[in-house]
Amino acid sequence: PLDARALAALAANPGCRRRALLDGAGVDKTALARALGTPAPFGQSQFAFTRGNAFEAKVTADGGAELIRLLCASTGERPPEPGEVALPDLSADGPAGRTARTRLALERPAEGEDGAGGWSLLFHPMLALEVAGSTAYLEPDAIAVHPDGSRTVAEIKSFPVLDGSADAAKVGAAARQAAVYALALEEPGREGAVRDQALLVCPKDFSNLPTAHGVDIRKQVATTRRQLARLTRLEEIAAALPDGTVFDPSRPAPELTAAVESVPAAYAPECLSTCELAFHCRERARAGGAVESLGRSVRGELGGFATIDAVLAAADADASAGPGAASAPASGAESDEP
């Protein structure tokens, strides 16, 4: 089903109806890509998965004392005393039940000893976000509720921070995921409920000691909100499919290929790091000579040219016309450029 990673990828490429439909329908794209003969060679190894779980357990141990300490060090707030942080029980049957328990915990903040607001930590809460007519259930690592009622999204990652800096691509991916959680946390009519700074917790250098940095997610939130709003509703995409279309990986390869190709895709080289079907889409784009295979910037420069053959043909025609011949603009608009 849709999760924050998938939504972040959708927001980066909102024109891809294929991914929107497959993710919205909960199709296993890894199995689908394998059945199509173009398996995605990326994914988290079992070792990295185990290491990540061990690091998260270290950060959240003792009622999240280390997580609260890191958060207060980042924001400059006074750390609460041990035992002053509420840890609501969020267990329930099914995602809808867990979402309701999470909402209840957020609506009833903890109280401090003086009767004012207190700290709360919600570990693996469940949030709901409506996307293109489908409900996505999201599970952040943690949400911290401050004494003033505001909330901070905490992302716990296993990639290291070396000499005070981390891999920019991985930090950007974490920020986009945090932005999706922030959107799900937003409440109509209540500004400032979700803080602009997400907390990114990572191992320090080559140790297992946690370090944390605040990451400004305002730009990512605005971009993600705008891009998700542009997604075509899933009902409209499904209505355009031929009757009887299924995406069962056990079907014969030709039938499965025809089903996948019946949904328009918007391939770009950036998809290779975010989508399991990217290698299939790249293969088809290259086979058809689509200019999208060259990248979004090149595609934008070529205007109305849809294929590489059309671009080369136009270039040959200009060359054969001799010096001084004006080339026809790709978009059909007038141009003063030779």
# chains A, B, ... in the order shown; residues from 1 in each chain; ligands from 1
$ residues_around --residues "Ala253 of chain A" --least-positions-apart "4" --cutoff "10 Å" --atoms "only C-alpha atoms" --output "PyMOL selection string"
chain A and resi 32+35-37+249+257-259
$ residues_around --residues "Thr75 of chain A" --least-positions-apart "5" --cutoff "10 Å" --atoms "only C-alpha atoms" --output "ChimeraX atom specification"
/A:70,197,199,213-214
$ write_last_selection --atoms "N, CA, C and O atoms" --output "short mmCIF file (atom, residue, chain, number, x, y, z; two decimals), in the first residue's frame"
data_model
loop_
_atom_site.label_atom_id
_atom_site.label_comp_id
_atom_site.auth_asym_id
_atom_site.auth_seq_id
_atom_site.Cartn_x
_atom_site.Cartn_y
_atom_site.Cartn_z
N LEU A 70 18.04 14.73 22.31
CA LEU A 70 18.50 15.22 21.02
C LEU A 70 17.58 16.30 20.48
O LEU A 70 18.04 17.29 19.90
N GLN A 197 10.67 22.41 11.36
CA GLN A 197 11.92 21.65 11.45
C GLN A 197 11.62 20.21 11.85
O GLN A 197 11.06 19.95 12.91
N LEU A 199 13.19 16.45 12.82
CA LEU A 199 14.41 15.99 13.49
C LEU A 199 14.93 14.75 12.79
O LEU A 199 14.24 13.73 12.70
N HIS A 213 20.00 16.45 13.82
CA HIS A 213 20.02 17.77 13.21
C HIS A 213 18.59 18.14 12.80
O HIS A 213 17.82 17.28 12.35
N GLY A 214 18.26 19.41 12.96
CA GLY A 214 16.97 19.89 12.47
C GLY A 214 17.03 20.10 10.97
O GLY A 214 18.00 20.65 10.45
#
$ closest_residue --among "A:Ala169, A:Ala6, A:Ala306, A:Ala11" --to "Leu231 of chain A" --atoms "only C-alpha atoms"
A:Ala11
$ residues_around --residues "Val131 of chain A" --least-positions-apart "3" --cutoff "10 Å" --atoms "only C-alpha atoms" --output "list of chain:residue names"
A:Leu2, A:Leu7, A:Ala20, A:Gly24, A:Ala128, A:Ser134, A:Thr135, A:Ala136, A:Leu228, A:Ala229, A:Arg230, A:Leu231, A:Thr232, A:Arg233, A:Leu234
$ closest_residue --among "A:Met126, A:Leu241, A:Val260, A:Val311" --to "Ala92 of chain A" --atoms "only C-alpha atoms"
A:Met126
$ residues_around --residues "segment 175-177 of chain A" --least-positions-apart "3" --cutoff "12 Å" --atoms "only C-alpha atoms" --output "VMD selection string"
chain A and resid 3 to 12 138 to 141 153 to 157 168 to 172 180 to 184 196 to 201 213 to 225
$ atom_distance --atom1 "atom CA of Arg226 of chain A" --atom2 "atom CA of Gly15 of chain A"
12.6 Å
$ closest_residue --among "A:Ala40, A:Val145, A:Leu122, A:Cys202" --to "Cys72 of chain A" --atoms "only C-alpha atoms"
A:Val145
$ closest_residue --among "A:Ala278, A:Ala96, A:Ile308, A:Leu129" --to "Glu187 of chain A" --atoms "only C-alpha atoms"
A:Leu129
$ atom_distance --atom1 "atom CA of Pro160 of chain A" --atom2 "atom CA of Glu66 of chain A"
17.3 Å
$ select_by_dssp --residues "segment 133-324 of chain A" --states "helix (DSSP H, G or I)" --output "PyMOL selection string"
chain A and resi 168-185+218-230+234-239+253-261+269-273+278-287+291-294+296-301+308-320
$ atom_distance --atom1 "atom CA of Leu21 of chain A" --atom2 "atom CA of Leu272 of chain A"
18.3 Å
$ closest_residue --among "A:Ser250, A:Gly303, A:Ala285, A:Ala265" --to "Asp28 of chain A" --atoms "only C-alpha atoms"
A:Ser250
$ residues_around --residues "segment 82-91 of chain A" --least-positions-apart "2" --cutoff "9 Å" --atoms "only C-alpha atoms" --output "list in words"
Gly63, Gly64, Ala65, Ile68, Pro80, Asp93, Gly97, Arg98, Thr99, Ala100, Arg101, Thr102, Ala105, Pro109, Ala110, Glu111, Gly112, Glu113, Gly118, Trp119, Ser120, Leu121, Leu122, Phe123, His124, Pro125 and Met126 of chain A
$ select_by_dssp --residues "segment 116-275 of chain A" --states "strand (DSSP E or B)" --output "PyMOL selection string"
chain A and resi 117+119-123+127-131+134-138+142-145+151-156+161-162+165+187+190+194+197-204+210-216
